[in-house]
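The data block below is protein14.cif; it holds mmCIF, C-alpha atoms.
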```cif
data_model
loop_
_atom_site.label_atom_id
_atom_site.label_comp_id
_atom_site.auth_asym_id
_atom_site.auth_seq_id
_atom_site.Cartn_x
_atom_site.Cartn_y
_atom_site.Cartn_z
CA MET B 1 -22.94 10.71 -20.68
CA ALA B 2 -20.97 9.02 -23.44
CA ASP B 3 -22.68 7.66 -26.53
CA VAL B 4 -21.88 3.95 -26.46
CA LYS B 5 -22.65 3.71 -30.18
CA GLU B 6 -19.85 6.05 -31.21
CA ARG B 7 -16.92 4.57 -33.12
CA PHE B 8 -13.61 5.57 -34.59
CA LEU B 9 -12.76 5.10 -38.26
CA VAL B 10 -9.00 4.60 -38.37
CA SER B 11 -7.22 4.82 -41.73
CA GLY B 12 -4.08 2.72 -41.97
CA GLY B 13 -0.71 3.75 -43.34
CA ALA B 14 -0.07 6.89 -41.29
CA ARG B 15 3.34 7.76 -39.91
CA LEU B 16 2.93 9.73 -36.69
CA ALA B 17 5.32 12.63 -36.14
CA GLY B 18 5.33 15.76 -34.02
CA GLU B 19 4.92 16.77 -30.40
CA VAL B 20 2.15 15.86 -27.97
CA ARG B 21 1.60 16.94 -24.37
CA VAL B 22 -0.04 14.62 -21.86
CA ASP B 23 -2.35 15.82 -19.11
CA GLY B 24 -2.61 14.69 -15.51
CA ALA B 25 -3.00 10.99 -14.81
CA LYS B 26 -6.43 9.38 -14.85
CA ASN B 27 -5.15 6.88 -12.29
CA SER B 28 -4.29 9.74 -9.94
CA VAL B 29 -6.84 12.54 -10.39
CA LEU B 30 -9.85 10.43 -9.41
CA LYS B 31 -8.19 9.33 -6.17
CA LEU B 32 -7.12 12.91 -5.42
CA MET B 33 -10.71 14.04 -5.88
CA ALA B 34 -11.86 11.36 -3.44
CA ALA B 35 -9.17 12.41 -0.94
CA ALA B 36 -10.65 15.92 -0.89
CA LEU B 37 -13.43 14.41 1.25
CA LEU B 38 -10.94 14.32 4.13
CA ALA B 39 -10.85 18.11 4.67
CA GLU B 40 -13.57 20.69 5.07
CA GLY B 41 -13.11 23.57 2.64
CA THR B 42 -12.01 23.99 -0.97
CA THR B 43 -9.36 21.74 -2.49
CA THR B 44 -8.06 22.77 -5.92
CA LEU B 45 -6.57 20.30 -8.40
CA ARG B 46 -4.68 21.49 -11.47
CA ASN B 47 -3.54 19.68 -14.64
CA CYS B 48 -6.64 17.50 -14.54
CA PRO B 49 -7.32 15.46 -17.70
CA ARG B 50 -10.46 16.21 -19.70
CA ILE B 51 -11.77 12.64 -19.62
CA LEU B 52 -15.20 11.17 -18.94
CA ASP B 53 -14.27 9.76 -15.55
CA VAL B 54 -13.62 13.21 -14.03
CA PRO B 55 -17.26 14.35 -14.34
CA LEU B 56 -18.32 10.90 -13.13
CA MET B 57 -16.24 11.36 -9.97
CA ARG B 58 -17.70 14.86 -9.65
CA ASP B 59 -21.15 13.26 -9.64
CA VAL B 60 -20.03 10.86 -6.90
CA LEU B 61 -18.75 13.71 -4.73
CA VAL B 62 -21.84 15.83 -5.35
CA GLY B 63 -23.95 12.88 -4.25
CA LEU B 64 -21.98 12.87 -0.99
CA GLY B 65 -22.70 16.56 -0.38
CA CYS B 66 -19.76 18.35 -2.03
CA GLU B 67 -19.87 21.11 -4.60
CA VAL B 68 -17.53 20.48 -7.53
CA ASP B 69 -16.55 22.98 -10.23
CA ILE B 70 -14.69 21.86 -13.37
CA ASP B 71 -13.05 24.68 -15.33
CA GLY B 72 -10.82 23.32 -18.08
CA ASP B 73 -8.00 21.46 -16.37
CA VAL B 74 -8.84 22.85 -12.92
CA VAL B 75 -11.19 21.03 -10.52
CA ARG B 76 -12.34 22.72 -7.31
CA ILE B 77 -13.97 20.58 -4.65
CA HIS B 78 -15.90 22.33 -1.87
CA THR B 79 -16.24 19.80 0.96
CA PRO B 80 -18.80 20.62 3.68
CA ALA B 81 -18.37 20.11 7.41
CA GLU B 82 -20.53 17.02 7.17
CA VAL B 83 -20.55 14.66 4.19
CA SER B 84 -22.91 11.77 3.57
CA PRO B 85 -21.43 8.30 4.07
CA HIS B 86 -23.83 6.78 1.52
CA ALA B 87 -22.29 6.41 -1.93
CA ASP B 88 -25.04 4.27 -3.37
CA PHE B 89 -26.11 5.77 -6.67
CA ASP B 90 -25.61 5.20 -10.39
CA ALA B 91 -22.41 7.22 -10.82
CA VAL B 92 -20.60 5.00 -8.29
CA ARG B 93 -21.44 1.86 -10.22
CA GLN B 94 -20.13 3.15 -13.54
CA PHE B 95 -16.38 3.10 -12.89
CA ARG B 96 -13.87 1.34 -10.69
CA ALA B 97 -12.18 4.39 -9.16
CA SER B 98 -15.35 5.29 -7.26
CA VAL B 99 -14.29 2.80 -4.57
CA ALA B 100 -11.58 5.33 -3.62
CA VAL B 101 -14.18 7.15 -1.49
CA LEU B 102 -14.30 4.18 0.92
CA GLY B 103 -11.24 5.08 3.00
CA PRO B 104 -11.97 8.82 3.24
CA LEU B 105 -15.62 8.20 4.22
CA VAL B 106 -14.72 5.79 7.02
CA ALA B 107 -12.14 8.30 8.28
CA ARG B 108 -14.48 11.33 8.13
CA CYS B 109 -17.87 9.77 8.90
CA THR B 110 -16.96 6.63 10.92
CA GLU B 111 -19.00 4.70 8.37
CA ALA B 112 -19.32 4.16 4.64
CA TYR B 113 -21.85 2.52 2.35
CA VAL B 114 -20.32 2.32 -1.11
CA ALA B 115 -21.97 0.55 -4.05
CA LEU B 116 -19.74 -2.03 -5.66
CA PRO B 117 -18.12 -0.31 -8.63
CA GLY B 118 -18.18 -1.13 -12.33
CA GLY B 119 -15.47 -0.26 -14.83
CA ASP B 120 -13.33 -2.12 -17.32
CA ALA B 121 -13.79 -5.79 -18.16
CA ILE B 122 -10.24 -6.89 -17.45
CA GLY B 123 -10.76 -9.52 -14.79
CA SER B 124 -11.60 -9.98 -11.14
CA ARG B 125 -10.70 -7.11 -8.84
CA PRO B 126 -12.21 -7.98 -5.46
CA LEU B 127 -12.23 -5.69 -2.46
CA ASP B 128 -10.99 -8.25 0.06
CA MET B 129 -7.67 -6.45 0.65
CA HIS B 130 -9.48 -3.11 1.04
CA GLN B 131 -11.77 -4.66 3.63
CA SER B 132 -9.01 -6.54 5.45
CA GLY B 133 -6.89 -3.39 5.73
CA LEU B 134 -9.76 -1.34 7.13
CA GLU B 135 -10.60 -4.12 9.58
CA LYS B 136 -7.04 -4.07 10.89
CA LEU B 137 -7.52 -0.34 11.52
CA GLY B 138 -10.55 -1.17 13.65
CA ALA B 139 -13.45 -1.13 11.19
CA THR B 140 -16.04 -3.81 10.61
CA THR B 141 -16.88 -4.50 6.96
CA HIS B 142 -19.21 -6.66 4.94
CA ILE B 143 -20.93 -6.78 1.56
CA GLU B 144 -24.64 -6.02 1.69
CA HIS B 145 -27.13 -5.56 -1.17
CA GLY B 146 -24.39 -4.92 -3.72
CA ALA B 147 -22.44 -2.49 -1.57
CA VAL B 148 -19.44 -2.61 0.74
CA VAL B 149 -20.36 -1.43 4.22
CA ALA B 150 -17.71 -0.29 6.70
CA ARG B 151 -18.11 1.11 10.22
CA ALA B 152 -15.59 2.23 12.82
CA ASP B 153 -16.29 4.32 15.91
CA LYS B 154 -12.54 4.80 16.12
CA LEU B 155 -9.71 3.98 13.73
CA THR B 156 -6.43 2.95 15.32
CA GLY B 157 -3.06 2.60 13.62
CA ALA B 158 -1.92 -0.95 12.87
CA SER B 159 0.69 -3.06 11.10
CA ILE B 160 -0.75 -4.25 7.80
CA LYS B 161 0.81 -6.41 5.10
CA LEU B 162 -0.89 -6.72 1.73
CA ASP B 163 -0.93 -10.11 -0.02
CA PHE B 164 -0.39 -8.24 -3.31
CA PRO B 165 0.71 -4.62 -3.84
CA SER B 166 -2.79 -3.50 -4.78
CA VAL B 167 -3.00 0.15 -5.79
CA GLY B 168 -6.62 0.54 -4.72
CA ALA B 169 -6.14 -1.17 -1.37
CA THR B 170 -3.03 0.92 -0.68
CA GLU B 171 -4.98 4.09 -1.42
CA ASN B 172 -7.98 3.22 0.77
CA ILE B 173 -5.83 2.10 3.69
CA VAL B 174 -3.67 5.25 3.55
CA THR B 175 -6.64 7.60 3.24
CA ALA B 176 -8.26 5.95 6.26
CA ALA B 177 -5.03 5.83 8.29
CA VAL B 178 -4.26 9.55 7.96
CA LEU B 179 -6.98 10.34 10.54
CA ALA B 180 -6.49 7.21 12.67
CA ASP B 181 -5.12 7.28 16.21
CA GLY B 182 -1.46 6.30 16.15
CA ARG B 183 0.93 4.86 13.58
CA THR B 184 0.07 2.62 10.64
CA VAL B 185 2.81 0.66 8.88
CA LEU B 186 1.72 -0.73 5.51
CA ASP B 187 4.03 -3.38 4.04
CA ASN B 188 4.00 -4.63 0.44
CA ALA B 189 2.34 -1.35 -0.49
CA ALA B 190 1.90 -0.34 -4.12
CA ARG B 191 4.77 1.81 -5.38
CA GLU B 192 3.18 3.49 -8.40
CA PRO B 193 3.85 7.18 -9.10
CA GLU B 194 0.14 7.78 -8.56
CA ILE B 195 0.52 6.55 -4.96
CA VAL B 196 3.36 9.04 -4.50
CA ASP B 197 1.13 11.76 -5.95
CA LEU B 198 -1.70 10.94 -3.54
CA CYS B 199 0.61 10.89 -0.51
CA SER B 200 2.20 14.17 -1.62
CA MET B 201 -1.21 15.84 -1.70
CA LEU B 202 -2.20 14.33 1.64
CA ASN B 203 1.02 15.61 3.23
CA SER B 204 0.28 19.07 1.87
CA MET B 205 -3.10 18.78 3.65
CA GLY B 206 -1.31 18.11 6.94
CA ALA B 207 -0.96 14.32 6.89
CA ARG B 208 2.23 12.66 8.11
CA ILE B 209 3.17 10.01 5.57
CA GLU B 210 6.62 8.60 4.85
CA GLY B 211 7.82 5.96 2.41
CA ALA B 212 5.52 6.64 -0.54
CA GLY B 213 7.09 5.05 -3.60
CA THR B 214 8.63 2.26 -1.53
CA SER B 215 7.10 -1.02 -0.41
CA THR B 216 6.66 0.25 3.17
CA ILE B 217 4.50 3.28 3.88
CA THR B 218 4.29 4.72 7.38
CA VAL B 219 1.36 6.92 8.39
CA ASP B 220 1.19 8.81 11.68
CA GLY B 221 -2.42 9.79 12.21
CA VAL B 222 -3.41 13.41 12.76
CA ASP B 223 -6.57 14.97 14.22
CA SER B 224 -7.65 16.80 11.06
CA LEU B 225 -6.57 17.84 7.58
CA SER B 226 -6.87 21.12 5.69
CA PRO B 227 -7.74 21.73 2.03
CA THR B 228 -4.90 22.33 -0.38
CA GLU B 229 -3.89 23.07 -3.96
CA HIS B 230 -2.17 20.31 -5.92
CA THR B 231 -0.97 19.68 -9.48
CA VAL B 232 -1.75 16.19 -10.78
CA VAL B 233 1.21 14.06 -11.88
CA GLY B 234 1.51 13.48 -15.66
CA ASP B 235 -0.18 10.42 -17.13
CA ARG B 236 2.54 7.82 -17.74
CA ILE B 237 0.11 5.41 -19.44
CA VAL B 238 -1.04 7.95 -22.01
CA ALA B 239 2.61 8.95 -22.51
CA GLY B 240 3.53 5.30 -23.00
CA THR B 241 0.73 4.89 -25.53
CA TRP B 242 2.25 7.67 -27.65
CA ALA B 243 5.69 6.05 -27.33
CA TYR B 244 4.35 2.77 -28.71
CA ALA B 245 2.42 4.61 -31.42
CA ALA B 246 5.71 6.12 -32.62
CA ALA B 247 7.38 2.72 -32.70
CA MET B 248 4.49 1.02 -34.49
CA THR B 249 4.12 3.62 -37.23
CA GLN B 250 7.89 4.08 -37.69
CA GLY B 251 7.28 7.64 -36.56
CA ASP B 252 8.93 10.34 -34.49
CA ILE B 253 7.00 11.65 -31.49
CA THR B 254 8.14 13.94 -28.70
CA VAL B 255 6.04 13.57 -25.55
CA THR B 256 5.98 16.25 -22.85
CA GLY B 257 4.24 16.46 -19.49
CA ALA B 258 5.32 13.06 -18.16
CA ALA B 259 8.39 11.93 -16.26
CA PRO B 260 10.40 9.43 -18.34
CA GLY B 261 11.56 7.75 -15.14
CA HIS B 262 7.97 6.58 -14.62
CA LEU B 263 8.27 4.63 -17.90
CA HIS B 264 11.82 3.33 -17.56
CA LEU B 265 11.03 -0.30 -18.40
CA ALA B 266 8.52 0.50 -21.15
CA LEU B 267 11.00 2.79 -22.91
CA SER B 268 13.80 0.24 -22.43
CA LYS B 269 11.67 -2.35 -24.23
CA LEU B 270 11.24 0.05 -27.14
CA LYS B 271 15.01 0.45 -27.35
CA LEU B 272 15.32 -3.34 -27.56
CA ALA B 273 12.74 -3.26 -30.36
CA GLY B 274 15.00 -0.92 -32.31
CA ALA B 275 13.67 2.53 -31.41
CA ASN B 276 15.83 5.55 -30.66
CA VAL B 277 14.73 6.99 -27.31
CA GLU B 278 15.88 10.31 -25.88
CA THR B 279 14.76 11.41 -22.42
CA TYR B 280 14.39 14.90 -20.95
CA ASP B 281 13.40 16.29 -17.56
CA ASN B 282 9.69 16.27 -18.34
CA GLY B 283 9.35 14.14 -21.44
CA PHE B 284 10.99 12.01 -24.09
CA ARG B 285 11.32 11.44 -27.83
CA VAL B 286 10.79 8.11 -29.61
CA ARG B 287 11.96 7.60 -33.20
CA MET B 288 11.70 4.39 -35.21
CA ASP B 289 13.04 4.01 -38.74
CA GLN B 290 12.73 0.25 -39.19
CA ARG B 291 10.38 -2.64 -38.61
CA PRO B 292 10.38 -3.27 -34.85
CA ARG B 293 12.16 -6.33 -33.50
CA ALA B 294 10.28 -8.89 -31.40
CA VAL B 295 10.62 -8.38 -27.63
CA ASP B 296 9.26 -10.41 -24.69
CA TYR B 297 7.24 -8.77 -21.91
CA GLN B 298 5.75 -9.68 -18.55
CA THR B 299 3.46 -7.34 -16.69
CA LEU B 300 4.14 -6.70 -13.01
CA PRO B 301 3.27 -4.09 -10.42
CA TYR B 302 5.35 -0.91 -10.59
CA PRO B 303 8.25 -0.59 -11.31
CA GLY B 304 7.58 -3.58 -13.58
CA PHE B 305 6.02 -3.32 -17.04
CA PRO B 306 2.53 -1.80 -16.60
CA THR B 307 -0.45 -4.01 -17.30
CA ASP B 308 -2.14 -0.88 -18.73
CA LEU B 309 0.44 -0.85 -21.55
CA GLN B 310 0.12 -4.56 -22.28
CA PRO B 311 -2.34 -4.02 -25.20
CA MET B 312 0.17 -1.62 -26.79
CA ALA B 313 2.95 -4.18 -26.37
CA ILE B 314 0.76 -6.82 -28.02
CA ALA B 315 -0.13 -4.46 -30.86
CA LEU B 316 3.56 -3.75 -31.48
CA ALA B 317 4.44 -7.45 -31.31
CA THR B 318 1.85 -8.34 -33.98
CA ILE B 319 3.90 -6.49 -36.63
CA ALA B 320 7.37 -7.08 -35.18
CA ASP B 321 10.09 -9.14 -36.85
CA GLY B 322 10.17 -12.42 -34.94
CA VAL B 323 8.30 -14.12 -32.11
CA SER B 324 7.27 -12.37 -28.88
CA VAL B 325 5.94 -13.93 -25.68
CA ILE B 326 3.86 -11.65 -23.46
CA THR B 327 2.91 -12.74 -19.96
CA GLU B 328 0.06 -11.12 -18.03
CA ASN B 329 0.56 -11.36 -14.27
CA VAL B 330 -1.94 -8.76 -13.02
CA PHE B 331 -5.39 -9.10 -14.65
CA GLU B 332 -6.46 -12.50 -15.93
CA ALA B 333 -9.06 -11.29 -18.45
CA ARG B 334 -6.85 -8.78 -20.23
CA PHE B 335 -6.18 -11.18 -23.12
CA ARG B 336 -9.70 -10.56 -24.40
CA PHE B 337 -7.85 -7.95 -26.44
CA VAL B 338 -6.08 -10.74 -28.36
CA ASP B 339 -9.39 -11.92 -29.83
CA GLU B 340 -9.83 -8.54 -31.49
CA MET B 341 -6.23 -8.55 -32.75
CA LEU B 342 -6.91 -11.94 -34.38
CA ARG B 343 -9.73 -10.27 -36.31
CA LEU B 344 -7.12 -7.86 -37.66
CA GLY B 345 -4.95 -10.72 -38.88
CA ALA B 346 -2.54 -11.14 -35.98
CA ASP B 347 -0.81 -14.51 -35.53
CA ALA B 348 -1.34 -15.12 -31.82
CA ASN B 349 -1.81 -18.10 -29.52
CA VAL B 350 -2.97 -17.73 -25.92
CA ASP B 351 -1.90 -20.29 -23.34
CA GLY B 352 -3.11 -19.42 -19.87
CA HIS B 353 -1.57 -16.09 -18.93
CA HIS B 354 0.89 -16.17 -21.84
CA VAL B 355 0.39 -15.17 -25.46
CA MET B 356 2.84 -16.02 -28.23
CA LEU B 357 2.81 -13.65 -31.20
CA ARG B 358 4.51 -14.19 -34.54
CA GLY B 359 4.89 -10.86 -36.27
CA VAL B 360 3.12 -10.47 -39.61
CA ASP B 361 4.00 -8.10 -42.43
CA ASN B 362 0.61 -6.40 -42.46
CA LEU B 363 -2.58 -6.27 -40.44
CA SER B 364 -5.91 -6.23 -42.32
CA SER B 365 -8.64 -3.75 -41.47
CA THR B 366 -11.99 -4.85 -40.07
CA ASP B 367 -14.48 -4.05 -37.30
CA VAL B 368 -13.18 -4.46 -33.74
CA TRP B 369 -14.64 -3.79 -30.29
CA SER B 370 -13.08 -2.09 -27.26
CA SER B 371 -13.50 -3.99 -24.00
CA ASP B 372 -11.68 -1.47 -21.81
CA ILE B 373 -9.80 1.84 -21.98
CA ARG B 374 -6.36 0.48 -22.85
CA ALA B 375 -7.61 -2.25 -25.19
CA GLY B 376 -9.46 0.45 -27.12
CA ALA B 377 -6.32 2.55 -27.49
CA GLY B 378 -4.36 -0.54 -28.53
CA LEU B 379 -6.90 -1.28 -31.26
CA VAL B 380 -6.59 2.26 -32.58
CA LEU B 381 -2.80 1.84 -32.81
CA ALA B 382 -3.31 -1.44 -34.63
CA GLY B 383 -5.67 0.28 -37.04
CA LEU B 384 -2.96 2.80 -37.86
CA VAL B 385 -0.80 0.01 -39.31
CA ALA B 386 -3.56 -2.02 -40.98
CA ASP B 387 -4.56 -1.75 -44.63
CA GLY B 388 -7.74 0.18 -45.32
CA VAL B 389 -10.07 1.56 -42.64
CA THR B 390 -10.50 -0.15 -39.28
CA THR B 391 -13.69 0.58 -37.36
CA VAL B 392 -13.21 0.61 -33.58
CA HIS B 393 -16.52 0.27 -31.74
CA GLU B 394 -17.48 1.22 -28.16
CA VAL B 395 -14.96 4.04 -28.00
CA HIS B 396 -16.64 5.48 -24.90
CA HIS B 397 -14.12 3.29 -23.08
CA ILE B 398 -11.26 5.20 -24.73
CA ASP B 399 -12.83 8.55 -23.83
CA ARG B 400 -12.63 7.54 -20.16
CA GLY B 401 -8.82 7.63 -20.27
CA TYR B 402 -7.57 9.56 -23.32
CA PRO B 403 -8.46 13.25 -23.59
CA ALA B 404 -8.90 14.55 -27.14
CA PHE B 405 -7.46 11.30 -28.52
CA VAL B 406 -8.76 11.76 -32.07
CA GLU B 407 -7.62 15.37 -32.25
CA GLN B 408 -4.14 14.53 -30.98
CA LEU B 409 -3.79 11.59 -33.36
CA ASN B 410 -4.76 13.71 -36.34
CA ALA B 411 -2.39 16.50 -35.28
CA LEU B 412 0.40 13.92 -35.46
CA GLY B 413 -0.53 12.88 -39.00
CA ALA B 414 -3.14 10.17 -38.51
CA HIS B 415 -6.52 10.11 -40.21
CA VAL B 416 -9.11 9.13 -37.61
CA GLU B 417 -12.77 10.09 -37.62
CA ARG B 418 -15.35 9.85 -34.86
CA ALA B 419 -18.64 8.58 -36.24
#
```
I need this file expressed as structure tokens, please.
Amino acid sequence: MADVKERFLVSGGARLAGEVRVDGAKNSVLKLMAAALLAEGTTTLRNCPRILDVPLMRDVLVGLGCEVDIDGDVVRIHTPAEVSPHADFDAVRQFRASVAVLGPLVARCTEAYVALPGGDAIGSRPLDMHQSGLEKLGATTHIEHGAVVARADKLTGASIKLDFPSVGATENIVTAAVLADGRTVLDNAAREPEIVDLCSMLNSMGARIEGAGTSTITVDGVDSLSPTEHTVVGDRIVAGTWAYAAAMTQGDITVTGAAPGHLHLALSKLKLAGANVETYDNGFRVRMDQRPRAVDYQTLPYPGFPTDLQPMAIALATIADGVSVITENVFEARFRFVDEMLRLGADANVDGHHVMLRGVDNLSSTDVWSSDIRAGAGLVLAGLVADGVTTVHEVHHIDRGYPAFVEQLNALGAHVERA
């Protein structure tokens, strides 16, 4: 368990340069682990990130009856013939991705009792679309004693249209539909690379899914699935964090292990800010030799600008030349990060889901607090360009999404200590 009192001491003035490799995506590996519940036997996942949420998901699966071995970047999940449908224990409540077991449990067990999850403080993320989708497949659902309860003697394919392209709802509907009777057509589905990764693994298990990566996913149900081996897609959010770190520190960072096409808009924004960006088959290089120019952003579901990189965009805008307007369209509470940037001397004004930032010449070091994974990383980047030493508190959030963050920062020329 993470020590919530740990903090990072970030010395300002560093220029980051060198090469860094990103691991598999946090936003994919946890859902892939949950999907292993769909098949009896041993499923092997490779390129798994060494982050706190992976052992947490292991604890969830163990609580459901699986055996889970973690060996470096390899996770092996031994799923028994019968798994428990009751995911009502502490590990489930500690992070949002635990809700990904809902769809697989309904499909395998005809019922599920999943404690409402915890996770980052970035705004309301209700389960209404998850429930509605499962109900259209033939389940009954309700919230009871702090848990979502779903039951279905038989799941049957259906036409489902999401009100919003929710990643979590897309995942739970697809993982339930793969064992349903007949065809499911899911419209306005999430298009993220992590959805493509999940569907790729499910297809290798014997599922029949088409359209992953588009707004319409078609699932033809099958009687059963088999375990498989799968390599987790590279983490585009961690890769994007390094890209913005290069731009902020007027550095030169080559990132490998992530597809640049998954970050097309984020890298295009850095070009507008004045960075030189080169892309390769499995990575990219970002160089910045001047003060960044102000650029406007608005977060949107993929392929739009990722809400998970919004704190990095704000951090860059605080020191950019000019005025930037950043609009948050996904999570309403994500601007809590701005309050911490104000402590560092940012010139920012929040108006609803917009924030206007006038770039300043220098940020000033102080104590700041992480409210979620990405906000924590954004505060570390801000500390790199502040005078003196910035203390970032509650860094257990960062550890949930960034493997070996301090070690990688220091290898690139930063001076960051964990205290």
Practice prompt. Go through B:Arg50, B:Arg374, B:His264, B:Lys31 and flag the residue nearest Ala169 (chain B), using only C-alpha atoms for the distances.
Written response: B:Lys31
Worksheet item: Quick one: which residues end up in the PyMOL selection byres ((chain B and resi 376) around 9) for this structure, as a list in words?
Response: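 For this structure, the PyMOL selection byres ((chain B and resi 376) around 9) captures Pro311, Phe337, Trp369, Ser370, Ser371, Asp372, Ile373, Arg374, Ala375, Ala377, Gly378, Leu379, Val380, Leu381, Val392, His393, Glu394, Val395, His397 and Ile398 of chain B.
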Hey, which bits of region 138-240 of chain B sit within 12 Å of region 269-283 of chain B, and for each residue what's the closest pair of atoms and how far apart in Å (one decimal), counting only C-alpha atoms, rows by chain and increasing number, as a tab-separated table?
```
residue	atom	partner	partner_atom	distance
B:Val233	CA	B:Asn282	CA	10.9
B:Gly234	CA	B:Asn282	CA	9.0
B:Asp235	CA	B:Gly283	CA	11.1
B:Arg236	CA	B:Gly283	CA	10.0
B:Ala239	CA	B:Gly283	CA	8.6
B:Gly240	CA	B:Leu270	CA	10.2
```
Practice prompt. Could you pull out every residue with an atom within 12 Å of (-18.1, 10.9, -6.8), file coordinates, counting only C-alpha atoms, and send them as a PyMOL selection string?
Written response: chain B and resi 29-37+53-68+77+79+83-102+104-105+114-115+117
Residues of the last selection are to be written out with C-alpha atoms, as a PDB file, in the frame of the given file.
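Contents of the output file part_31.pdb:
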```pdb
ATOM      1  CA  VAL B  29      -6.840  12.540 -10.390  1.00  0.00           C
ATOM      2  CA  LEU B  30      -9.850  10.430  -9.410  1.00  0.00           C
ATOM      3  CA  LYS B  31      -8.190   9.330  -6.170  1.00  0.00           C
ATOM      4  CA  LEU B  32      -7.120  12.910  -5.420  1.00  0.00           C
ATOM      5  CA  MET B  33     -10.710  14.040  -5.880  1.00  0.00           C
ATOM      6  CA  ALA B  34     -11.860  11.360  -3.440  1.00  0.00           C
ATOM      7  CA  ALA B  35      -9.170  12.410  -0.940  1.00  0.00           C
ATOM      8  CA  ALA B  36     -10.650  15.920  -0.890  1.00  0.00           C
ATOM      9  CA  LEU B  37     -13.430  14.410   1.250  1.00  0.00           C
ATOM     10  CA  ASP B  53     -14.270   9.760 -15.550  1.00  0.00           C
ATOM     11  CA  VAL B  54     -13.620  13.210 -14.030  1.00  0.00           C
ATOM     12  CA  PRO B  55     -17.260  14.350 -14.340  1.00  0.00           C
ATOM     13  CA  LEU B  56     -18.320  10.900 -13.130  1.00  0.00           C
ATOM     14  CA  MET B  57     -16.240  11.360  -9.970  1.00  0.00           C
ATOM     15  CA  ARG B  58     -17.700  14.860  -9.650  1.00  0.00           C
ATOM     16  CA  ASP B  59     -21.150  13.260  -9.640  1.00  0.00           C
ATOM     17  CA  VAL B  60     -20.030  10.860  -6.900  1.00  0.00           C
ATOM     18  CA  LEU B  61     -18.750  13.710  -4.730  1.00  0.00           C
ATOM     19  CA  VAL B  62     -21.840  15.830  -5.350  1.00  0.00           C
ATOM     20  CA  GLY B  63     -23.950  12.880  -4.250  1.00  0.00           C
ATOM     21  CA  LEU B  64     -21.980  12.870  -0.990  1.00  0.00           C
ATOM     22  CA  GLY B  65     -22.700  16.560  -0.380  1.00  0.00           C
ATOM     23  CA  CYS B  66     -19.760  18.350  -2.030  1.00  0.00           C
ATOM     24  CA  GLU B  67     -19.870  21.110  -4.600  1.00  0.00           C
ATOM     25  CA  VAL B  68     -17.530  20.480  -7.530  1.00  0.00           C
ATOM     26  CA  ILE B  77     -13.970  20.580  -4.650  1.00  0.00           C
ATOM     27  CA  THR B  79     -16.240  19.800   0.960  1.00  0.00           C
ATOM     28  CA  VAL B  83     -20.550  14.660   4.190  1.00  0.00           C
ATOM     29  CA  SER B  84     -22.910  11.770   3.570  1.00  0.00           C
ATOM     30  CA  PRO B  85     -21.430   8.300   4.070  1.00  0.00           C
ATOM     31  CA  HIS B  86     -23.830   6.780   1.520  1.00  0.00           C
ATOM     32  CA  ALA B  87     -22.290   6.410  -1.930  1.00  0.00           C
ATOM     33  CA  ASP B  88     -25.040   4.270  -3.370  1.00  0.00           C
ATOM     34  CA  PHE B  89     -26.110   5.770  -6.670  1.00  0.00           C
ATOM     35  CA  ASP B  90     -25.610   5.200 -10.390  1.00  0.00           C
ATOM     36  CA  ALA B  91     -22.410   7.220 -10.820  1.00  0.00           C
ATOM     37  CA  VAL B  92     -20.600   5.000  -8.290  1.00  0.00           C
ATOM     38  CA  ARG B  93     -21.440   1.860 -10.220  1.00  0.00           C
ATOM     39  CA  GLN B  94     -20.130   3.150 -13.540  1.00  0.00           C
ATOM     40  CA  PHE B  95     -16.380   3.100 -12.890  1.00  0.00           C
ATOM     41  CA  ARG B  96     -13.870   1.340 -10.690  1.00  0.00           C
ATOM     42  CA  ALA B  97     -12.180   4.390  -9.160  1.00  0.00           C
ATOM     43  CA  SER B  98     -15.350   5.290  -7.260  1.00  0.00           C
ATOM     44  CA  VAL B  99     -14.290   2.800  -4.570  1.00  0.00           C
ATOM     45  CA  ALA B 100     -11.580   5.330  -3.620  1.00  0.00           C
ATOM     46  CA  VAL B 101     -14.180   7.150  -1.490  1.00  0.00           C
ATOM     47  CA  LEU B 102     -14.300   4.180   0.920  1.00  0.00           C
ATOM     48  CA  PRO B 104     -11.970   8.820   3.240  1.00  0.00           C
ATOM     49  CA  LEU B 105     -15.620   8.200   4.220  1.00  0.00           C
ATOM     50  CA  VAL B 114     -20.320   2.320  -1.110  1.00  0.00           C
ATOM     51  CA  ALA B 115     -21.970   0.550  -4.050  1.00  0.00           C
ATOM     52  CA  PRO B 117     -18.120  -0.310  -8.630  1.00  0.00           C
TER      53      PRO B 117
END
```
Worksheet entry | Interatomic distance, CA of Asn188 (chain B) to CA of Ser226 (chain B) (Å, one decimal) |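 Atom-to-atom, CA of Asn188 (chain B) to CA of Ser226 (chain B), that is 28.4 Å.
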Fill in: B:Arg15, B:Leu162, B:Ala212, B:Glu82 ranked by distance to Gly251 (chain B), top pick (using only C-alpha atoms)
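Ranked by minimum distance to Gly251 (chain B), first place goes to B:Arg15.
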Worksheet item: For Gly157 (chain B), which residue out of B:Glu194, B:Val222, B:His262, B:Ala189 is the nearest one, using only C-alpha atoms?
Response: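 Checking each candidate against Gly157 (chain B), we get B:Val222 as the closest.
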